[in-house]
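**Student:** Handing you a structure now.
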Amino acid sequence: MGEMKSMQMGVIGALFLSVASSVSIVICNKALMTNLGFPFATTLTSWHLMVTYCTLHVAYKLNFFENKPIDMKTVVLFGLLNGISIGLLNLSLGFNSIGFYQMTKLAIIPFTVLLETLFLNKKFSQKIKFSLFLLLVGVGIASITDLQLNFVGSVLSLLAIATTCVGQILTNTIQKKLNVTSTQLLYQSAPFQAAILFVSGPFVDKYLTRLNVFSFNYSPIVVGFITLSCLIAVSVNFSTFLVIGKTSPVTYQVLGHLKTCLVLAFGYTLLHDPFTPRNIAGILIAVLGMLLYSYFCSVASKSKQGSSESAFIGKDRDTTPLLSQEKENHEAKKLDKHSPV
C-alpha cells in the first residue's frame, strides 16, 4: 500500500512539474519571440537540448543519478527520431495555417491510440475513447480559428504526427523494457536530438523566417530571455520523459492539451490576448474531457489491478496477456524505485 501511494505521489509530482514548466516556457518564449522579435524556434530548441544535456552531465558527475548503458543504435535512432519530429512540427507550422497546425497536434492522440492498439495490443475502453473525443472537440473549439490546406503542408503534418507518436511510444517502451529511468534515457539521447536540430535548425529557421540566426542582434535582454528559456527547458525535457515513462503517451498528450487551455487562460489574464465565449466554451468542454479521462483511467487501473491479482492466484498462469501485465507491473515498480521523483 505504501509503495502504491509513493508511486501515485511520483506521478502527481511529474504531472505538476510538466504543467508548470511547460506553461512557464510558453510564456517566456512568447515574450522572446513576440515582444523581442527572436523567431528562431528550431535553433532555440537545439540550445534547449544542449543545455539539458550539460545540466544532466553535471548532475551525473555529482552522483545525483547513475548512468545505465543503453544500446548505442537504439539511443541514436531514438534521439534522431525525436529531433526530426521537432523539426517537422516547426515546418508544419511554417507551411500551414495556425488552425491546421492545431489540428495536427490534436491528431496525435487518435493516431497514438491507433498505433498502440495495432502494435502493442493495448485496449482503450469506449468510455476513455469518449473522454478523449470530448477533450479534442473542446481544444479544437478553443484554439482552431482557420483551416487552410495545401499538399506540402499536409504531407509535413502527416510525417510530424507519425514521428511524434512513434517517438513518444518509444519513450515509454524503452524505459519499461530496458528498465531505465527518464533521467538515464534523456541523458543519453539528448546529444543526438540536439545535434540534428543544431545542424538543421538555422536552415529551417531561415527558410521559415527569411532571417539569419547568426546575424541577429543579441541584446542583453534577448540573451537573458534565451538563458531563462534554456533553464526552464531542462525541467520541460526532464518532466516530458518522466510523465511518459510513468504514465503513457496518450496521457502525456492529454496533459499537453491541458497546457494549451492554461496558456490560453494565462494569455487572456496576463497578456490581455483576445478571448471570446467560444474560447471559454471550448476550454470548459476540454477540461470536462480531461476530468472524465482521468476518472475512467483511474477506475480501469483499479479494476485491472484487482482482476490481475485474482487471476494470478486462481487461473492458468500460461495466459500471455496475464504474464505480460504482471511483467509490466513489476517493471513499473522497479522503474518507480529508481526514478528521481
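Please note that chains go A, B, ... in the order of the C-alpha cells, that every chain numbers its residues from 1, and that ligands are numbered from 1 in the order shown.
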Using only C-alpha atoms, determine which residues lie at most 12 Å from Phe133 in chain A, disregarding the query and same-chain residues fewer than 6 positions distant; provide the list as a ChimeraX atom specification.
**Tutor:** /A:106-107,109-110,113,126-127,139-140,254,285-290,292-293
**Student:** Can those selected residues be exported to a file as a CSV table (one decimal), in the first residue's frame so that it contains N, CA, C and O atoms?
**Tutor:**
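File written: part03.csv
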```
chain,number,residue,atom,x,y,z
A,106,LEU,N,-3.8,18.0,-32.5
A,106,LEU,CA,-4.9,17.2,-32.0
A,106,LEU,C,-4.9,15.8,-32.5
A,106,LEU,O,-5.3,14.8,-31.8
A,107,ALA,N,-4.4,15.6,-33.8
A,107,ALA,CA,-4.4,14.3,-34.4
A,107,ALA,C,-3.5,13.3,-33.8
A,107,ALA,O,-3.6,12.1,-34.0
A,109,ILE,N,-3.2,12.4,-30.7
A,109,ILE,CA,-3.9,11.4,-29.7
A,109,ILE,C,-4.5,10.3,-30.4
A,109,ILE,O,-4.2,9.1,-30.1
A,110,PRO,N,-5.5,10.5,-31.4
A,110,PRO,CA,-6.1,9.3,-32.0
A,110,PRO,C,-5.1,8.4,-32.8
A,110,PRO,O,-5.2,7.2,-32.8
A,113,VAL,N,-3.4,6.3,-30.1
A,113,VAL,CA,-4.3,5.2,-29.7
A,113,VAL,C,-4.3,4.1,-30.8
A,113,VAL,O,-4.3,2.9,-30.5
A,126,GLN,N,-14.5,2.2,-24.3
A,126,GLN,CA,-15.3,3.1,-25.0
A,126,GLN,C,-15.5,4.4,-24.2
A,126,GLN,O,-15.5,5.5,-24.8
A,127,LYS,N,-15.5,4.3,-22.9
A,127,LYS,CA,-15.6,5.5,-22.0
A,127,LYS,C,-14.3,6.4,-22.2
A,127,LYS,O,-14.4,7.6,-22.2
A,139,VAL,N,-10.7,21.4,-27.2
A,139,VAL,CA,-9.5,22.1,-27.6
A,139,VAL,C,-9.6,22.6,-29.0
A,139,VAL,O,-9.2,23.7,-29.3
A,140,GLY,N,-10.3,21.9,-29.9
A,140,GLY,CA,-10.5,22.3,-31.2
A,140,GLY,C,-11.3,23.6,-31.2
A,140,GLY,O,-11.0,24.6,-31.9
A,254,VAL,N,-2.8,14.2,-23.5
A,254,VAL,CA,-3.9,14.8,-22.7
A,254,VAL,C,-3.4,16.0,-21.9
A,254,VAL,O,-4.0,17.1,-21.8
A,285,ILE,N,-15.3,22.5,-22.1
A,285,ILE,CA,-15.5,21.2,-22.7
A,285,ILE,C,-14.2,20.3,-22.6
A,285,ILE,O,-14.3,19.1,-22.2
A,286,ALA,N,-13.1,20.9,-22.9
A,286,ALA,CA,-11.8,20.2,-22.8
A,286,ALA,C,-11.5,19.8,-21.4
A,286,ALA,O,-11.1,18.6,-21.2
A,287,VAL,N,-11.7,20.7,-20.4
A,287,VAL,CA,-11.5,20.3,-19.0
A,287,VAL,C,-12.4,19.2,-18.6
A,287,VAL,O,-12.0,18.3,-17.9
A,288,LEU,N,-13.7,19.2,-19.0
A,288,LEU,CA,-14.6,18.1,-18.7
A,288,LEU,C,-14.0,16.8,-19.3
A,288,LEU,O,-14.1,15.7,-18.6
A,289,GLY,N,-13.6,16.8,-20.5
A,289,GLY,CA,-13.0,15.6,-21.1
A,289,GLY,C,-11.8,15.1,-20.4
A,289,GLY,O,-11.6,13.9,-20.2
A,290,MET,N,-10.9,16.1,-19.9
A,290,MET,CA,-9.7,15.7,-19.1
A,290,MET,C,-10.1,15.0,-17.8
A,290,MET,O,-9.5,14.0,-17.4
A,292,LEU,N,-13.0,13.5,-17.1
A,292,LEU,CA,-13.5,12.2,-17.4
A,292,LEU,C,-12.5,11.1,-17.7
A,292,LEU,O,-12.5,10.0,-17.3
A,293,TYR,N,-11.5,11.6,-18.5
A,293,TYR,CA,-10.3,10.7,-18.9
A,293,TYR,C,-9.6,10.2,-17.6
A,293,TYR,O,-9.3,9.1,-17.5
```
**Student:** When you look at range 211-214 of chain A with a cut-off of 12 Å (counting only C-alpha atoms), what residues show up, excluding the ones that are within fewer than 2 positions of it in the same chain? I need them as a PyMOL selection string.
**Tutor:** chain A and resi 37-44+198+201-209+216-218
**Student:** Determine, for each residue of range 182-256 of chain A having at least one atom at most 7 Å from an atom of range 83-99 of chain A, the closest pair of atoms and their separation in Å to one decimal, counting only C-alpha atoms; order by chain and ascending number, as a Markdown table.
**Tutor:**
```
| residue | atom | partner | partner_atom | distance |
| --- | --- | --- | --- | --- |
| A:Gln193 | CA | A:Gly83 | CA | 4.5 |
| A:Ile196 | CA | A:Gly83 | CA | 6.1 |
| A:Leu197 | CA | A:Gly83 | CA | 6.1 |
| A:Leu208 | CA | A:Gly94 | CA | 5.8 |
```
**Student:** Please dump the current selection as an mmCIF file, in the first residue's frame; keep all heavy atoms.
**Tutor:**
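Result saved to part_14.cif:
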```cif
data_model
loop_
_atom_site.group_PDB
_atom_site.id
_atom_site.type_symbol
_atom_site.label_atom_id
_atom_site.label_comp_id
_atom_site.auth_asym_id
_atom_site.auth_seq_id
_atom_site.Cartn_x
_atom_site.Cartn_y
_atom_site.Cartn_z
ATOM 1 N N GLN A 193 19.537 14.374 -30.225
ATOM 2 C CA GLN A 193 18.448 15.283 -30.561
ATOM 3 C C GLN A 193 18.985 16.693 -30.814
ATOM 4 O O GLN A 193 18.587 17.358 -31.774
ATOM 5 C CB GLN A 193 17.432 15.327 -29.412
ATOM 6 C CG GLN A 193 16.718 14.013 -29.145
ATOM 7 C CD GLN A 193 15.688 14.152 -28.034
ATOM 8 O OE1 GLN A 193 14.764 14.944 -28.119
ATOM 9 N NE2 GLN A 193 15.850 13.374 -26.971
ATOM 10 N N ILE A 196 21.082 17.009 -34.326
ATOM 11 C CA ILE A 196 20.348 17.128 -35.590
ATOM 12 C C ILE A 196 19.642 18.466 -35.705
ATOM 13 O O ILE A 196 19.568 19.069 -36.786
ATOM 14 C CB ILE A 196 19.356 15.948 -35.755
ATOM 15 C CG1 ILE A 196 18.796 15.940 -37.185
ATOM 16 C CG2 ILE A 196 18.229 16.021 -34.731
ATOM 17 C CD1 ILE A 196 18.025 14.682 -37.515
ATOM 18 N N LEU A 197 19.159 19.005 -34.569
ATOM 19 C CA LEU A 197 18.497 20.310 -34.609
ATOM 20 C C LEU A 197 19.505 21.445 -34.708
ATOM 21 O O LEU A 197 19.235 22.482 -35.321
ATOM 22 C CB LEU A 197 17.628 20.493 -33.358
ATOM 23 C CG LEU A 197 16.400 19.588 -33.274
ATOM 24 C CD1 LEU A 197 15.685 19.777 -31.935
ATOM 25 C CD2 LEU A 197 15.442 19.870 -34.423
ATOM 26 N N LEU A 208 11.912 29.493 -42.959
ATOM 27 C CA LEU A 208 10.604 29.893 -42.451
ATOM 28 C C LEU A 208 10.501 31.391 -42.168
ATOM 29 O O LEU A 208 9.421 31.978 -42.287
ATOM 30 C CB LEU A 208 10.278 29.112 -41.170
ATOM 31 C CG LEU A 208 10.123 27.598 -41.321
ATOM 32 C CD1 LEU A 208 9.892 26.950 -39.964
ATOM 33 C CD2 LEU A 208 8.970 27.254 -42.261
#
```
**Student:** Counting only C-alpha atoms, which residues in range 138-212 of chain A sit no more than 7 Å from range 68-79 of chain A? For each one, give the nearest pair of atoms and the distance in Å, sorted by chain then residue number, as JSON lines.
**Tutor:**
```
{"residue": "A:Gly167", "atom": "CA", "partner": "A:Phe78", "partner_atom": "CA", "distance": 6.9}
{"residue": "A:Val180", "atom": "CA", "partner": "A:Lys68", "partner_atom": "CA", "distance": 7.0}
{"residue": "A:Gln184", "atom": "CA", "partner": "A:Lys68", "partner_atom": "CA", "distance": 6.4}
{"residue": "A:Gln188", "atom": "CA", "partner": "A:Val75", "partner_atom": "CA", "distance": 6.7}
{"residue": "A:Ser189", "atom": "CA", "partner": "A:Gly79", "partner_atom": "CA", "distance": 4.8}
{"residue": "A:Ala190", "atom": "CA", "partner": "A:Gly79", "partner_atom": "CA", "distance": 6.5}
{"residue": "A:Phe192", "atom": "CA", "partner": "A:Gly79", "partner_atom": "CA", "distance": 5.0}
{"residue": "A:Gln193", "atom": "CA", "partner": "A:Gly79", "partner_atom": "CA", "distance": 4.7}
```
**Student:** Within 9 Å of Ala281 in chain A, counting only C-alpha atoms, which residues qualify if same-chain residues fewer than 5 places away don't, as number ranges by chain?
**Tutor:** A: 138, 141-142, 276, 286
**Student:** Generate the output file for the selected residues, N, CA and C atoms, as a compact mmCIF listing (two decimals), in the first residue's frame.
**Tutor:**
```
# COMPACT_ATOMS: atom_id res chain seq x y z
N GLY A 138 -13.21 19.99 -27.45
CA GLY A 138 -13.06 21.21 -26.66
C GLY A 138 -11.85 22.02 -27.05
N ILE A 141 -12.40 23.61 -30.47
CA ILE A 141 -13.27 24.80 -30.41
C ILE A 141 -12.50 26.00 -29.85
N ALA A 142 -11.66 25.75 -28.84
CA ALA A 142 -10.96 26.85 -28.16
C ALA A 142 -9.81 27.42 -28.97
N THR A 276 -12.90 35.02 -26.37
CA THR A 276 -14.30 35.04 -26.79
C THR A 276 -15.09 33.97 -26.05
N ALA A 286 -13.09 20.94 -22.89
CA ALA A 286 -11.81 20.22 -22.83
C ALA A 286 -11.50 19.78 -21.41
```
**Student:** Please measure the separation of CA of Ser157 in chain A and CA of Gln253 in chain A, giving the value in Å to one decimal.
**Tutor:**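 It comes out at 16.5 Å.
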**Student:** For CA of Ile12 in chain A and CA of Lys123 in chain A, quote the distance in Å rounded to one decimal.
**Tutor:**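 Distance reported for this atom pair: 23.5 Å.
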**Student:** Got a sec: who's within 12 Å of Glu66 in chain A, counting only C-alpha atoms, leaving out chain neighbours fewer than 5 positions off, as an MDAnalysis selection string?
**Tutor:** chainID A and resid 56:57 59:61 180:185 187:188 338:340
**Student:** Output C-alpha atoms of each residue in that selection to a file, as a tab-separated table (two decimals), in the first residue's frame.
**Tutor:**
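Generated file (part_15.tsv):
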```
chain	number	residue	atom	x	y	z
A	56	LEU	CA	22.40	16.31	-16.65
A	57	HIS	CA	26.12	15.72	-17.24
A	59	ALA	CA	24.32	16.08	-12.19
A	60	TYR	CA	25.84	12.75	-13.25
A	61	LYS	CA	29.35	13.87	-12.27
A	180	VAL	CA	15.99	2.71	-17.37
A	181	THR	CA	14.83	5.90	-15.69
A	182	SER	CA	13.67	9.01	-17.51
A	183	THR	CA	16.90	10.75	-16.47
A	184	GLN	CA	19.10	8.00	-17.91
A	185	LEU	CA	17.25	7.92	-21.22
A	187	TYR	CA	20.91	11.96	-20.68
A	188	GLN	CA	21.93	9.53	-23.41
A	338	HIS	CA	14.90	4.20	-9.46
A	339	SER	CA	13.04	7.34	-10.57
A	340	PRO	CA	14.41	10.63	-9.16
```
